[in-house]
Structure formats: C-alpha cells, structure tokens
Amino acid sequence: MVDTSSIREHMPVVGSDGGHVGTVDHLEDRRIKLTRTDPDAQGKHHYIHIDSIAAVENGEVRLNRTEAEAKDEWATAD
C-alpha cells in the first residue's frame with residue numbers, strides 16, 4: 001500500500017511506461033481527482049483509484065499501469 005499523504009496538488013501522474021496521464025487536483029476518498037485543465041483531460045475531471053499507484057517519488061505519482069491502460073480505466077465527471 002502506497003502512502004498517499006505525500007501526494008500533492010499539481011503533481012504529475014505518469015504511467016508505468018513514463019507516459020503522462022494527468023495532473024493531481026486532490027485526493028477524494030480512495031481516488032486521485034485529476035485537474036480538468038490538463039491538456040489530456042479534455043475539460044473533464046478524471047479519477048484514478050489509489051490501487052493504481054505504484055509509487056510517489058521524485059515529485060510525481062507513478063502508476064502500476066501504462067498511460068493507455070490508465071486512460072482506458074479512468075472514471076470521469078464534468
């Protein structure tokens with residue numbers, strides 16, 4: 001289990017392949033809410049479950065799935 005207390009607003013979120021997934025808005029329950037202003041967000045908030053986090057290191061959230069897998073799985077909200 002990853003310590004989510006080190007996740008901060010505006011941290012980049014990257015896939016296991018190093019691909020950009022989004023930018024942290026904040027933690028909401030057991031999910032990361034991503035900013036809707038990120039170029040990949042298409043104006044919507046996206047959510048990634050914290051079970052997808054492999055590590056929080058070097059100022060970024062690294063996932064245990066690739067960029068494409070994460071984007072296939074993310075939930076959206078307007």
# chains A, B, ... in the order shown; residues from 1 in each chain; ligands from 1
call {"tool": "closest_atom_pairs", "arguments": {"of": "stretch 42-70 of chain A", "to": "stretch 27-38 of chain A", "cutoff": "12 Å", "atoms": "only C-alpha atoms", "output": "Markdown table"}}
result
| residue | atom | partner | partner_atom | distance |
| --- | --- | --- | --- | --- |
| A:Gln42 | CA | A:Arg36 | CA | 6.9 |
| A:Gly43 | CA | A:Arg36 | CA | 4.8 |
| A:Lys44 | CA | A:Arg36 | CA | 4.6 |
| A:His45 | CA | A:Arg36 | CA | 4.6 |
| A:His46 | CA | A:Leu34 | CA | 5.2 |
| A:Tyr47 | CA | A:Lys33 | CA | 4.7 |
| A:Ile48 | CA | A:Ile32 | CA | 5.2 |
| A:His49 | CA | A:Arg31 | CA | 4.2 |
| A:Ile50 | CA | A:Arg31 | CA | 5.2 |
| A:Asp51 | CA | A:Arg30 | CA | 8.3 |
| A:Ser52 | CA | A:Arg31 | CA | 9.3 |
| A:Ile53 | CA | A:Ile32 | CA | 9.6 |
| A:Val61 | CA | A:Ile32 | CA | 9.9 |
| A:Leu63 | CA | A:Ile32 | CA | 11.4 |
call {"tool": "select_by_dssp", "arguments": {"residues": "chain A", "states": "alpha helix (DSSP H)", "output": "PDB file with C-alpha atoms, in the first residue's frame"}}
result
ATOM      1  CA  GLU A  67      -0.643   5.584 -19.759  1.00  0.00           C
ATOM      2  CA  ALA A  68      -3.069   3.905 -22.186  1.00  0.00           C
ATOM      3  CA  GLU A  69      -4.325   1.409 -19.569  1.00  0.00           C
ATOM      4  CA  ALA A  70      -4.882   4.189 -17.029  1.00  0.00           C
ATOM      5  CA  LYS A  71      -6.819   6.301 -19.535  1.00  0.00           C
ATOM      6  CA  ASP A  72      -8.940   3.278 -20.519  1.00  0.00           C
ATOM      7  CA  GLU A  73      -9.859   2.757 -16.861  1.00  0.00           C
TER       8      GLU A  73
END
call {"tool": "closest_residue", "arguments": {"among": "A:Glu60, A:Thr66, A:Ala54, A:Val2", "to": "A:Thr23", "atoms": "only C-alpha atoms"}}
result
A:Glu60
call {"tool": "select_by_dssp", "arguments": {"residues": "chain A", "states": "strand (DSSP E or B)", "output": "number ranges by chain"}}
result
A: 12-14, 20-28, 31-34, 45-49, 53-57, 60-63, 75-77
